[in-house]
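K.L.:
Sharing input_12.csv (CSV, C-alpha atoms) below.
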```csv
chain,number,residue,atom,x,y,z
A,1447,MET,CA,-7.7,0.0,-0.4
A,1448,PRO,CA,-7.5,0.2,3.4
A,1449,LYS,CA,-10.7,-1.3,5.0
A,1450,GLN,CA,-11.5,1.9,6.9
A,1451,GLU,CA,-12.0,3.8,3.5
A,1452,LYS,CA,-15.5,3.2,2.2
A,1453,ILE,CA,-15.7,1.5,-1.2
A,1454,ARG,CA,-18.0,3.4,-3.5
A,1455,LEU,CA,-20.2,0.9,-5.4
A,1456,LEU,CA,-22.4,1.4,-8.4
A,1457,ILE,CA,-25.0,-1.3,-9.1
A,1458,ALA,CA,-26.2,-1.9,-12.7
A,1459,ASP,CA,-29.2,-4.2,-13.2
A,1460,ASP,CA,-32.4,-3.7,-15.1
A,1461,SER,CA,-34.5,-5.3,-12.2
A,1462,PHE,CA,-35.6,-2.9,-9.5
A,1463,PHE,CA,-35.9,-5.8,-7.1
A,1464,MET,CA,-32.4,-7.1,-7.8
A,1465,LYS,CA,-30.9,-3.6,-7.3
A,1466,LYS,CA,-32.8,-3.2,-4.0
A,1467,MET,CA,-31.7,-6.6,-2.7
A,1468,LEU,CA,-28.1,-6.1,-3.7
A,1469,LYS,CA,-28.0,-2.7,-2.1
A,1470,GLU,CA,-29.4,-4.0,1.2
A,1471,MET,CA,-27.1,-7.0,1.1
A,1472,VAL,CA,-23.8,-5.2,0.4
A,1473,GLU,CA,-24.5,-2.3,2.7
A,1474,GLN,CA,-24.6,-4.7,5.7
A,1475,GLU,CA,-20.9,-4.3,5.3
A,1476,ASN,CA,-19.9,-0.9,6.9
A,1477,ASN,CA,-17.1,-0.3,4.5
A,1478,ILE,CA,-19.2,-0.4,1.3
A,1479,GLU,CA,-21.4,2.5,0.2
A,1480,VAL,CA,-23.8,2.2,-2.8
A,1481,VAL,CA,-23.5,5.6,-4.6
A,1482,GLY,CA,-25.8,4.8,-7.5
A,1483,MET,CA,-28.1,2.3,-9.2
A,1484,ALA,CA,-28.4,2.1,-13.0
A,1485,LYS,CA,-31.3,0.4,-14.8
A,1486,ASN,CA,-29.5,-0.1,-18.1
A,1487,GLY,CA,-26.1,-0.1,-19.7
A,1488,LYS,CA,-26.4,3.5,-20.9
A,1489,GLU,CA,-27.1,4.7,-17.4
A,1490,ALA,CA,-24.3,2.6,-16.1
A,1491,VAL,CA,-21.8,4.4,-18.4
A,1492,GLU,CA,-23.2,7.8,-17.5
A,1493,MET,CA,-23.1,7.1,-13.7
A,1494,ALA,CA,-19.6,5.5,-13.9
A,1495,LEU,CA,-18.2,8.7,-15.5
A,1496,SER,CA,-20.1,11.1,-13.2
A,1497,LEU,CA,-19.9,9.3,-9.9
A,1498,LYS,CA,-16.5,7.7,-10.3
A,1499,PRO,CA,-17.3,4.6,-8.3
A,1500,ASP,CA,-14.5,2.3,-7.1
A,1501,VAL,CA,-16.4,-0.8,-8.1
A,1502,ILE,CA,-19.4,-1.7,-10.3
A,1503,THR,CA,-21.5,-4.8,-10.2
A,1504,MET,CA,-22.8,-5.2,-13.8
A,1505,ASP,CA,-25.6,-7.5,-15.1
A,1506,TYR,CA,-25.0,-8.7,-18.6
A,1507,ASN,CA,-28.6,-8.7,-19.9
A,1508,MET,CA,-29.7,-5.0,-19.8
A,1509,PRO,CA,-31.6,-2.9,-22.2
A,1510,VAL,CA,-30.2,0.0,-24.3
A,1511,LEU,CA,-26.6,-1.2,-23.8
A,1512,ASP,CA,-25.7,-4.7,-22.6
A,1513,GLY,CA,-23.0,-5.3,-20.1
A,1514,ALA,CA,-20.2,-5.9,-22.6
A,1515,LYS,CA,-20.9,-2.7,-24.5
A,1516,ALA,CA,-21.3,-0.7,-21.3
A,1517,ILE,CA,-17.9,-2.0,-20.0
A,1518,ALA,CA,-16.2,-1.1,-23.3
A,1519,GLU,CA,-17.5,2.4,-23.1
A,1520,ILE,CA,-16.5,2.8,-19.4
A,1521,MET,CA,-13.0,1.5,-20.2
A,1522,SER,CA,-12.5,3.8,-23.1
A,1523,LYS,CA,-14.0,7.0,-21.5
A,1524,SER,CA,-12.6,6.7,-18.0
A,1525,LYS,CA,-9.8,9.2,-17.8
A,1526,GLU,CA,-8.7,8.5,-14.2
A,1527,LYS,CA,-8.5,5.1,-12.4
A,1528,LYS,CA,-10.8,2.7,-14.1
A,1529,PRO,CA,-13.4,1.0,-11.8
A,1530,GLY,CA,-13.1,-2.7,-10.9
A,1531,ILE,CA,-16.1,-4.3,-12.6
A,1532,ILE,CA,-17.7,-7.5,-11.3
A,1533,MET,CA,-20.0,-9.3,-13.8
A,1534,LEU,CA,-23.1,-10.8,-12.2
A,1535,SER,CA,-24.2,-13.6,-14.5
A,1536,ALA,CA,-27.2,-15.9,-14.5
A,1537,TYR,CA,-26.6,-19.7,-14.8
A,1538,ALA,CA,-27.5,-19.7,-18.4
A,1539,ALA,CA,-25.1,-20.9,-21.1
A,1540,LYS,CA,-25.3,-17.8,-23.3
A,1541,ASP,CA,-25.1,-15.4,-20.3
A,1542,ALA,CA,-22.1,-17.2,-18.8
A,1543,GLN,CA,-20.2,-17.2,-22.2
A,1544,GLU,CA,-20.9,-13.5,-22.6
A,1545,ALA,CA,-19.9,-12.7,-19.0
A,1546,ILE,CA,-16.6,-14.5,-19.6
A,1547,GLY,CA,-16.1,-12.4,-22.7
A,1548,CYS,CA,-16.6,-9.3,-20.6
A,1549,LEU,CA,-13.4,-10.2,-18.8
A,1550,GLN,CA,-11.6,-9.5,-22.1
A,1551,ALA,CA,-13.3,-6.1,-22.2
A,1552,GLY,CA,-12.0,-5.1,-18.8
A,1553,ALA,CA,-14.2,-6.7,-16.1
A,1554,VAL,CA,-12.1,-8.2,-13.3
A,1555,GLU,CA,-14.3,-10.9,-11.7
A,1556,LEU,CA,-17.4,-13.1,-12.2
A,1557,VAL,CA,-20.1,-14.0,-9.8
A,1558,ALA,CA,-23.0,-16.3,-10.7
A,1559,LYS,CA,-26.5,-15.3,-9.6
A,1560,PRO,CA,-27.8,-18.4,-7.7
A,1561,SER,CA,-31.1,-18.9,-9.5
A,1562,GLY,CA,-31.3,-17.0,-12.7
A,1563,GLU,CA,-31.8,-13.3,-13.7
A,1564,LEU,CA,-34.2,-12.6,-10.9
A,1565,SER,CA,-32.5,-14.4,-7.9
A,1566,LEU,CA,-34.6,-13.8,-4.8
A,1567,ASP,CA,-32.1,-15.9,-3.0
A,1568,ILE,CA,-29.2,-13.5,-3.9
A,1569,ASP,CA,-28.1,-13.6,-0.2
A,1570,LYS,CA,-26.5,-17.0,-0.9
A,1571,ILE,CA,-23.7,-15.2,-2.6
A,1572,GLN,CA,-23.3,-12.4,-0.1
A,1573,THR,CA,-19.9,-13.5,1.3
A,1574,GLU,CA,-18.5,-14.2,-2.2
A,1575,LEU,CA,-19.7,-10.9,-3.6
A,1576,ILE,CA,-18.5,-8.8,-0.7
A,1577,ASP,CA,-15.1,-10.5,-0.9
A,1578,LYS,CA,-14.9,-9.8,-4.6
A,1579,ILE,CA,-15.9,-6.2,-4.1
A,1580,TYR,CA,-13.0,-5.7,-1.8
A,1581,LEU,CA,-10.7,-7.4,-4.4
A,1582,ALA,CA,-12.1,-5.4,-7.3
A,1583,ALA,CA,-11.5,-2.1,-5.3
A,1584,LYS,CA,-7.8,-2.9,-5.3
A,1585,ALA,CA,-7.6,-3.8,-9.0
A,1586,ASN,CA,-5.2,-2.1,-11.4
A,1587,VAL,CA,-7.6,-2.6,-14.3
A,1588,GLN,CA,-6.0,-3.7,-17.5
A,1589,VAL,CA,-7.6,-4.2,-21.0
A,1590,MET,CA,-5.8,-6.7,-23.2
A,1591,GLY,CA,-7.5,-5.6,-26.3
A,1592,GLY,CA,-8.5,-9.0,-27.8
A,1593,VAL,CA,-6.9,-12.2,-28.7
A,1594,ASN,CA,-3.8,-12.4,-30.9
A,1595,LYS,CA,-4.8,-13.0,-34.5
A,1596,GLU,CA,-1.3,-13.7,-35.8
A,1597,LYS,CA,0.7,-16.7,-34.6
A,1598,ILE,CA,4.3,-16.0,-33.7
A,1599,ARG,CA,5.8,-18.7,-35.9
A,1600,PRO,CA,5.0,-22.3,-37.0
A,1601,CYS,CA,6.5,-25.3,-35.1
A,1602,LYS,CA,7.7,-28.5,-36.6
A,1603,THR,CA,6.3,-31.0,-34.2
A,1604,ARG,CA,7.3,-34.6,-33.9
A,1605,GLY,CA,4.3,-35.3,-31.7
A,1606,VAL,CA,6.6,-35.6,-28.6
A,1607,ILE,CA,6.2,-33.6,-25.4
A,1608,LYS,CA,9.4,-31.5,-25.2
A,1609,LYS,CA,8.0,-29.3,-22.4
A,1610,VAL,CA,5.1,-29.2,-20.0
A,1611,VAL,CA,3.8,-25.7,-19.5
A,1612,VAL,CA,1.9,-25.1,-16.2
A,1613,ILE,CA,0.0,-21.8,-15.9
A,1614,GLY,CA,-1.4,-20.5,-12.7
A,1615,SER,CA,-3.9,-17.6,-13.0
A,1616,SER,CA,-6.4,-15.7,-10.8
A,1617,THR,CA,-8.1,-12.3,-10.9
A,1618,GLY,CA,-7.3,-10.5,-14.2
A,1619,GLY,CA,-5.8,-13.7,-15.7
A,1620,PRO,CA,-8.4,-15.0,-18.2
A,1621,PRO,CA,-7.7,-12.4,-20.9
A,1622,ILE,CA,-3.9,-13.2,-20.6
A,1623,VAL,CA,-4.6,-16.9,-20.8
A,1624,GLU,CA,-6.7,-16.3,-23.9
A,1625,TYR,CA,-3.9,-14.3,-25.4
A,1626,ILE,CA,-1.3,-16.9,-24.7
A,1627,LEU,CA,-3.3,-19.8,-26.1
A,1628,SER,CA,-4.4,-17.9,-29.2
A,1629,SER,CA,-0.7,-17.0,-29.9
A,1630,LEU,CA,0.7,-20.5,-29.8
A,1631,PRO,CA,0.7,-22.8,-32.9
A,1632,SER,CA,-1.3,-26.0,-32.9
A,1633,ASP,CA,1.7,-28.1,-33.7
A,1634,ILE,CA,3.6,-27.1,-30.5
A,1635,ASP,CA,5.9,-29.7,-28.9
A,1636,ALA,CA,4.4,-29.1,-25.5
A,1637,THR,CA,1.3,-29.9,-23.4
A,1638,ILE,CA,-0.2,-27.2,-21.3
A,1639,PHE,CA,-1.9,-27.4,-17.9
A,1640,ILE,CA,-3.9,-24.5,-16.4
A,1641,ALA,CA,-5.2,-23.8,-12.9
A,1642,GLN,CA,-7.5,-20.7,-13.3
A,1643,HIS,CA,-9.2,-19.6,-10.1
A,1644,MET,CA,-12.9,-19.7,-11.2
A,1645,PRO,CA,-16.1,-21.6,-10.2
A,1646,GLN,CA,-16.5,-24.9,-12.0
A,1647,TYR,CA,-19.5,-23.6,-14.1
A,1648,PHE,CA,-17.4,-20.8,-15.5
A,1649,ILE,CA,-14.4,-23.0,-16.0
A,1650,ASP,CA,-16.5,-25.2,-18.3
A,1651,LYS,CA,-17.6,-22.1,-20.3
A,1652,PHE,CA,-14.2,-20.6,-20.3
A,1653,ALA,CA,-12.7,-23.8,-21.9
A,1654,GLN,CA,-15.5,-23.8,-24.5
A,1655,ARG,CA,-14.7,-20.1,-25.3
A,1656,ILE,CA,-11.0,-20.4,-25.7
A,1657,ASP,CA,-11.3,-23.7,-27.7
A,1658,LYS,CA,-13.0,-21.6,-30.4
A,1659,LEU,CA,-10.3,-18.9,-30.2
A,1660,SER,CA,-7.1,-21.0,-30.1
A,1661,PRO,CA,-5.6,-23.3,-32.7
A,1662,LEU,CA,-4.8,-25.7,-29.7
A,1663,LYS,CA,-7.2,-28.2,-28.4
A,1664,ILE,CA,-8.7,-26.9,-25.1
A,1665,LYS,CA,-10.5,-29.1,-22.6
A,1666,VAL,CA,-11.4,-29.4,-18.9
A,1667,ALA,CA,-9.3,-32.4,-17.8
A,1668,GLN,CA,-11.1,-35.7,-17.2
A,1669,ASN,CA,-10.3,-39.0,-15.6
A,1670,GLY,CA,-8.3,-41.2,-18.1
A,1671,ASP,CA,-7.2,-38.3,-20.4
A,1672,LEU,CA,-4.0,-39.0,-22.2
A,1673,VAL,CA,-1.5,-36.2,-22.0
A,1674,ARG,CA,-0.8,-35.0,-25.6
A,1675,ALA,CA,1.3,-32.3,-27.3
A,1676,GLY,CA,-0.8,-29.4,-28.6
A,1677,THR,CA,-3.5,-30.0,-26.0
A,1678,VAL,CA,-4.5,-27.7,-23.1
A,1679,TYR,CA,-6.0,-29.2,-19.9
A,1680,LEU,CA,-7.9,-27.0,-17.4
A,1681,THR,CA,-8.1,-28.2,-13.8
A,1682,PRO,CA,-11.6,-28.6,-12.6
A,1683,ALA,CA,-12.6,-26.5,-9.5
A,1684,GLU,CA,-12.5,-28.3,-6.1
A,1685,LYS,CA,-10.5,-31.1,-7.8
A,1686,LYS,CA,-6.8,-31.8,-8.5
A,1687,ILE,CA,-5.0,-33.5,-11.3
A,1688,LYS,CA,-2.9,-36.5,-10.5
A,1689,LEU,CA,-0.5,-37.9,-13.1
A,1690,GLU,CA,0.5,-41.5,-13.7
A,1691,GLY,CA,2.9,-41.3,-16.5
A,1692,ASN,CA,1.0,-39.6,-19.3
A,1693,ILE,CA,-2.4,-40.5,-17.9
A,1694,ILE,CA,-4.5,-37.9,-16.0
A,1695,ASN,CA,-6.5,-38.9,-13.0
A,1696,ILE,CA,-8.9,-36.4,-11.3
A,1697,GLU,CA,-9.2,-36.5,-7.6
A,1698,LYS,CA,-11.3,-34.5,-5.1
A,1699,GLU,CA,-9.3,-32.1,-2.9
A,1700,GLU,CA,-8.9,-33.7,0.6
A,1701,LYS,CA,-9.5,-30.3,2.2
A,1702,LYS,CA,-11.3,-27.2,1.2
A,1703,LEU,CA,-8.8,-24.8,-0.3
A,1704,SER,CA,-9.5,-21.3,-1.3
A,1705,PRO,CA,-9.3,-20.2,-4.0
A,1706,GLN,CA,-10.0,-23.1,-6.3
A,1707,PRO,CA,-8.4,-24.9,-8.2
A,1708,SER,CA,-5.0,-25.0,-6.5
A,1709,ILE,CA,-2.1,-23.7,-8.5
A,1710,ASP,CA,0.4,-25.1,-6.0
A,1711,ASN,CA,-1.1,-28.6,-6.3
A,1712,LEU,CA,-1.0,-28.6,-10.1
A,1713,MET,CA,2.6,-27.4,-10.3
A,1714,THR,CA,3.8,-29.8,-7.6
A,1715,GLU,CA,2.3,-32.7,-9.4
A,1716,ALA,CA,3.7,-31.6,-12.8
A,1717,ALA,CA,7.2,-31.1,-11.2
A,1718,LYS,CA,7.1,-34.6,-9.6
A,1719,THR,CA,6.1,-36.2,-12.9
A,1720,TYR,CA,8.0,-34.2,-15.6
A,1721,LYS,CA,10.9,-32.7,-13.6
A,1722,GLU,CA,13.1,-30.5,-15.7
A,1723,LYS,CA,10.7,-30.5,-18.6
A,1724,VAL,CA,8.3,-28.2,-16.7
A,1725,ILE,CA,7.9,-24.5,-17.4
A,1726,GLY,CA,5.9,-22.9,-14.5
A,1727,ILE,CA,4.1,-19.6,-15.1
A,1728,VAL,CA,2.3,-17.5,-12.5
A,1729,LEU,CA,0.1,-14.7,-13.7
A,1730,THR,CA,-1.9,-12.0,-11.9
A,1731,GLY,CA,-3.9,-12.7,-8.8
A,1732,MET,CA,-4.5,-12.2,-5.1
A,1733,GLY,CA,-2.6,-14.2,-2.4
A,1734,GLU,CA,0.3,-16.6,-2.6
A,1735,ASP,CA,-1.0,-19.5,-4.7
A,1736,GLY,CA,1.7,-20.7,-7.1
A,1737,THR,CA,4.7,-19.7,-4.9
A,1738,VAL,CA,5.1,-23.2,-3.4
A,1739,GLY,CA,4.5,-24.8,-6.8
A,1740,LEU,CA,7.2,-22.7,-8.6
A,1741,ASP,CA,9.6,-23.6,-5.8
A,1742,LYS,CA,8.9,-27.3,-6.4
A,1743,ILE,CA,9.5,-26.8,-10.2
A,1744,LYS,CA,12.9,-25.1,-9.5
A,1745,GLU,CA,13.8,-28.0,-7.1
A,1746,LYS,CA,13.3,-30.5,-10.0
A,1747,GLY,CA,15.3,-28.4,-12.5
A,1748,GLY,CA,12.4,-26.7,-14.3
A,1749,PHE,CA,12.0,-23.2,-15.6
A,1750,THR,CA,10.1,-20.5,-13.8
A,1751,LEU,CA,8.4,-17.4,-15.2
A,1752,VAL,CA,6.3,-14.7,-13.6
A,1753,GLN,CA,4.2,-11.9,-15.0
A,1754,GLU,CA,5.7,-8.5,-14.4
A,1755,PRO,CA,3.8,-7.3,-11.3
A,1756,LYS,CA,3.4,-3.7,-12.7
A,1757,THR,CA,1.2,-5.2,-15.5
A,1758,ALA,CA,-1.0,-7.3,-13.1
A,1759,VAL,CA,-4.6,-6.5,-12.2
A,1760,ILE,CA,-3.8,-7.8,-8.7
A,1761,ASP,CA,0.0,-8.1,-8.1
A,1762,SER,CA,0.3,-10.2,-4.9
A,1763,MET,CA,0.6,-13.6,-6.6
A,1764,PRO,CA,3.6,-12.6,-8.8
A,1765,LYS,CA,5.1,-10.5,-6.0
A,1766,SER,CA,4.9,-13.5,-3.6
A,1767,ALA,CA,6.7,-15.8,-6.1
A,1768,ILE,CA,9.4,-13.2,-6.8
A,1769,LYS,CA,10.1,-12.7,-3.1
A,1770,ALA,CA,10.3,-16.4,-2.2
A,1771,VAL,CA,11.5,-18.3,-5.3
A,1772,HIS,CA,14.4,-18.0,-7.8
A,1773,ILE,CA,12.5,-16.8,-10.8
A,1774,ASP,CA,14.2,-17.3,-14.1
A,1775,ARG,CA,12.3,-14.6,-16.0
A,1776,ILE,CA,9.9,-11.8,-15.1
A,1777,VAL,CA,8.0,-10.6,-18.3
A,1778,ASP,CA,5.2,-8.5,-19.7
A,1779,PRO,CA,2.3,-10.9,-20.4
A,1780,LEU,CA,2.4,-10.0,-24.1
A,1781,LYS,CA,5.9,-11.6,-24.3
A,1782,ILE,CA,4.9,-14.9,-22.6
A,1783,PRO,CA,4.0,-16.9,-25.8
A,1784,GLU,CA,7.4,-15.8,-27.3
A,1785,GLU,CA,9.2,-17.0,-24.1
A,1786,ILE,CA,7.4,-20.4,-24.2
A,1787,LEU,CA,8.5,-20.9,-27.8
A,1788,LYS,CA,12.1,-19.9,-27.1
A,1789,LEU,CA,12.2,-22.6,-24.5
A,1790,LEU,CA,11.2,-25.2,-27.1
A,1791,LEU,CA,14.1,-24.6,-29.3
```
Using structure tokens, write down the structure that the file contains.
P.N.:
Amino acid sequence: MPKQEKIRLLIADDSFFMKKMLKEMVEQENNIEVVGMAKNGKEAVEMALSLKPDVITMDYNMPVLDGAKAIAEIMSKSKEKKPGIIMLSAYAAKDAQEAIGCLQAGAVELVAKPSGELSLDIDKIQTELIDKIYLAAKANVQVMGGVNKEKIRPCKTRGVIKKVVVIGSSTGGPPIVEYILSSLPSDIDATIFIAQHMPQYFIDKFAQRIDKLSPLKIKVAQNGDLVRAGTVYLTPAEKKIKLEGNIINIEKEEKKLSPQPSIDNLMTEAAKTYKEKVIGIVLTGMGEDGTVGLDKIKEKGGFTLVQEPKTAVIDSMPKSAIKAVHIDRIVDPLKIPEEILKLLL
């Protein structure tokens, strides 16, 4: 959306004070106009359908309908372009888990309230929230429709690492990551590394969520972890994974990169260590992160795969990679688990 066109924003929160503060904060940006404020999930659905906002900021904990149910209704009932929905979550374990679940229902981004449900210091997230409102306004909203309940086929693992799969993902990516990891068998002859653009608090909760949904072992990478087949390692935010043989070391980024964690850094390190064994995958997202990393993977003889841009919530990451790198395969995200398993034959 060109910056000169005003973004029409709907705010959904059961707190009058939160709605007022959010409105005052975002309207300091001339290109954002608050067109409505809903006090519960039911009102959010009604206003979304009648006002047709470009973006909705949605609290999870609301009466009548919670955020997840409101999103599901908005997604199913919106006949035209679906709004980009940003979940505003408190720093509480249950709220964070539920907010991440809302990404599966159709929300495109997460923002944490700085100090709980009633955050009088909400201005701390002003820059982050406004940036994500602009991003959500551009979103081609997709609904994955839940994790894959049926595994594609069993593997006969020998406990060896045949391949190292490196997935880079940003806005719109978490539901696809969930789908991929819920589709692969636990006895896969591969290890998987993931760089998902997300604040650290949500990365921890995301790992916990998908560990329950996937037959694979999912964890946030830690210093001294041994790289094993059938295990998935998420990169911590503001950190990078360094590999010494099959041992993981976690190091702080020397410079502040945005967004975090860096897909390029993870792919470059994997390519250096595992060379032709690496399968690099770039999913939906804003910007160019992953392009340099895929190029390094190709240099070392690895395989490169990119999500079909037409299926992406934000298509600039896959488009950047396709333009700059020799990509071996461009596929629908639902076909990615099948592609991974083919490469293990």
K.L.:
Kindly give the distance, in Å, that separates CA of Leu1662 (chain A) and CA of Thr1677 (chain A), rounded to a single decimal.
P.N.:
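A separation of 5.8 Å between them.
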K.L.:
Residues within 8 Å of region 1766-1777 of chain A, please, as a PDB file with C-alpha atoms, in the frame of the given file. Count only C-alpha atoms; anything in the same chain fewer than 6 positions from it doesn't count.
P.N.:
```pdb
ATOM      1  CA  VAL A1728       2.300 -17.500 -12.500  1.00  0.00           C
ATOM      2  CA  GLY A1733      -2.600 -14.200  -2.400  1.00  0.00           C
ATOM      3  CA  GLU A1734       0.300 -16.600  -2.600  1.00  0.00           C
ATOM      4  CA  GLY A1736       1.700 -20.700  -7.100  1.00  0.00           C
ATOM      5  CA  THR A1737       4.700 -19.700  -4.900  1.00  0.00           C
ATOM      6  CA  LEU A1740       7.200 -22.700  -8.600  1.00  0.00           C
ATOM      7  CA  ASP A1741       9.600 -23.600  -5.800  1.00  0.00           C
ATOM      8  CA  LYS A1744      12.900 -25.100  -9.500  1.00  0.00           C
ATOM      9  CA  PHE A1749      12.000 -23.200 -15.600  1.00  0.00           C
ATOM     10  CA  THR A1750      10.100 -20.500 -13.800  1.00  0.00           C
ATOM     11  CA  LEU A1751       8.400 -17.400 -15.200  1.00  0.00           C
ATOM     12  CA  VAL A1752       6.300 -14.700 -13.600  1.00  0.00           C
ATOM     13  CA  GLN A1753       4.200 -11.900 -15.000  1.00  0.00           C
ATOM     14  CA  GLU A1754       5.700  -8.500 -14.400  1.00  0.00           C
TER      15      GLU A1754
END
```
K.L.:
Can you list, as a list of chain:residue names, every protein, DNA or RNA residue that comes within 8 Å of region 1719-1724 of chain A when you count only C-alpha atoms, leaving out same-chain residues fewer than 3 positions away?
P.N.:
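In the requested form, the answer reads A:Lys1608, A:Lys1609, A:Val1610, A:Val1611, A:Val1612, A:Leu1689, A:Glu1690, A:Gly1691, A:Glu1715, A:Ala1716, A:Ile1743, A:Lys1746, A:Gly1747, A:Gly1748, A:Phe1749.
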K.L.:
Using C-alpha atoms, can you export the residues from the last selection as a CSV table (one decimal), in the frame of the given file?
P.N.:
```csv
chain,number,residue,atom,x,y,z
A,1608,LYS,CA,9.4,-31.5,-25.2
A,1609,LYS,CA,8.0,-29.3,-22.4
A,1610,VAL,CA,5.1,-29.2,-20.0
A,1611,VAL,CA,3.8,-25.7,-19.5
A,1612,VAL,CA,1.9,-25.1,-16.2
A,1689,LEU,CA,-0.5,-37.9,-13.1
A,1690,GLU,CA,0.5,-41.5,-13.7
A,1691,GLY,CA,2.9,-41.3,-16.5
A,1715,GLU,CA,2.3,-32.7,-9.4
A,1716,ALA,CA,3.7,-31.6,-12.8
A,1743,ILE,CA,9.5,-26.8,-10.2
A,1746,LYS,CA,13.3,-30.5,-10.0
A,1747,GLY,CA,15.3,-28.4,-12.5
A,1748,GLY,CA,12.4,-26.7,-14.3
A,1749,PHE,CA,12.0,-23.2,-15.6
```
K.L.:
I'd like the interatomic distance between CA of Ile1664 (chain A) and CA of Leu1627 (chain A), to a tenth of an Å.
P.N.:
9.0 Å
K.L.:
Taking all atoms listed in the file into account, name the residue in A:Ala1583, A:Ala1518, A:Leu1456, A:Met1590 that is nearest to Glu1479 (chain A).
P.N.:
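Between A:Ala1583, A:Ala1518, A:Leu1456, A:Met1590, the residue approaching Glu1479 (chain A) most closely is A:Leu1456.
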K.L.:
Neighbouring residues of region 1631-1640 of chain A were defined as those with any atom within 10 Å, considering only C-alpha atoms; residues of the same chain fewer than 6 positions away were excluded. Please report them as a PyMOL selection string.
P.N.:
chain A and resi 1596-1615+1623+1660-1667+1673-1682+1687+1707-1709+1712-1713+1716+1723-1727+1783+1786-1787+1790-1791
K.L.:
When you look at Cys1548 (chain A) with a cut-off of 8 Å (counting only C-alpha atoms), what residues show up, excluding the ones that are within fewer than 4 positions of it in the same chain? I need them as a CSV table (one decimal) with C-alpha atoms, in the frame of the given file.
P.N.:
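Output file selection.csv is given in full below:
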```
chain,number,residue,atom,x,y,z
A,1513,GLY,CA,-23.0,-5.3,-20.1
A,1514,ALA,CA,-20.2,-5.9,-22.6
A,1517,ILE,CA,-17.9,-2.0,-20.0
A,1533,MET,CA,-20.0,-9.3,-13.8
A,1544,GLU,CA,-20.9,-13.5,-22.6
A,1552,GLY,CA,-12.0,-5.1,-18.8
A,1553,ALA,CA,-14.2,-6.7,-16.1
```
K.L.:
Could you please determine the separation between CA of Lys1584 (chain A) and CA of Asp1500 (chain A) in Å, to one decimal place?
P.N.:
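These atoms are spaced 8.7 Å apart.
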K.L.:
Identify, on the basis of only C-alpha atoms, every residue whose closest approach to Leu1659 (chain A) does not exceed 9 Å; exclude the query and any residue fewer than 4 positions from it along the same chain; express the result as a PyMOL selection string.
P.N.:
chain A and resi 1593+1624+1627-1628+1655
K.L.:
Nearest to His1643 (chain A) among A:Arg1454, A:Lys1515, A:Lys1698, A:Lys1685, with distances taken over only C-alpha atoms: which residue is it?
P.N.:
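Smallest distance to His1643 (chain A) is found for A:Lys1685.
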K.L.:
Using all atoms listed in the file - which residues lie no farther than 10 Å from the point (-27.1, 1.4, -23.5) in the file's frame? Write them as a tab-separated table (two decimals) with C-alpha atoms, in the frame of the given file.
P.N.:
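Writing the result to result-v8.tsv gives the following:
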```tsv
chain	number	residue	atom	x	y	z
A	1485	LYS	CA	-31.30	0.40	-14.80
A	1486	ASN	CA	-29.50	-0.10	-18.10
A	1487	GLY	CA	-26.10	-0.10	-19.70
A	1488	LYS	CA	-26.40	3.50	-20.90
A	1489	GLU	CA	-27.10	4.70	-17.40
A	1490	ALA	CA	-24.30	2.60	-16.10
A	1491	VAL	CA	-21.80	4.40	-18.40
A	1492	GLU	CA	-23.20	7.80	-17.50
A	1508	MET	CA	-29.70	-5.00	-19.80
A	1509	PRO	CA	-31.60	-2.90	-22.20
A	1510	VAL	CA	-30.20	0.00	-24.30
A	1511	LEU	CA	-26.60	-1.20	-23.80
A	1512	ASP	CA	-25.70	-4.70	-22.60
A	1513	GLY	CA	-23.00	-5.30	-20.10
A	1515	LYS	CA	-20.90	-2.70	-24.50
A	1516	ALA	CA	-21.30	-0.70	-21.30
A	1519	GLU	CA	-17.50	2.40	-23.10
```
K.L.:
Which one is closest to Gly1619 (chain A): A:Glu1555, A:Glu1473, A:Glu1451, A:Asp1459? Count only C-alpha atoms.
P.N.:
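Among the listed residues, the smallest separation from Gly1619 (chain A) belongs to A:Glu1555.
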K.L.:
Which polymer residues, protein or nucleic acid, are no farther than 9 Å from (-14.5, 3.2, -17.5), counting only C-alpha atoms, as an MDAnalysis selection string?
P.N.:
chainID A and resid 1491 1494:1495 1498 1516:1530 1552
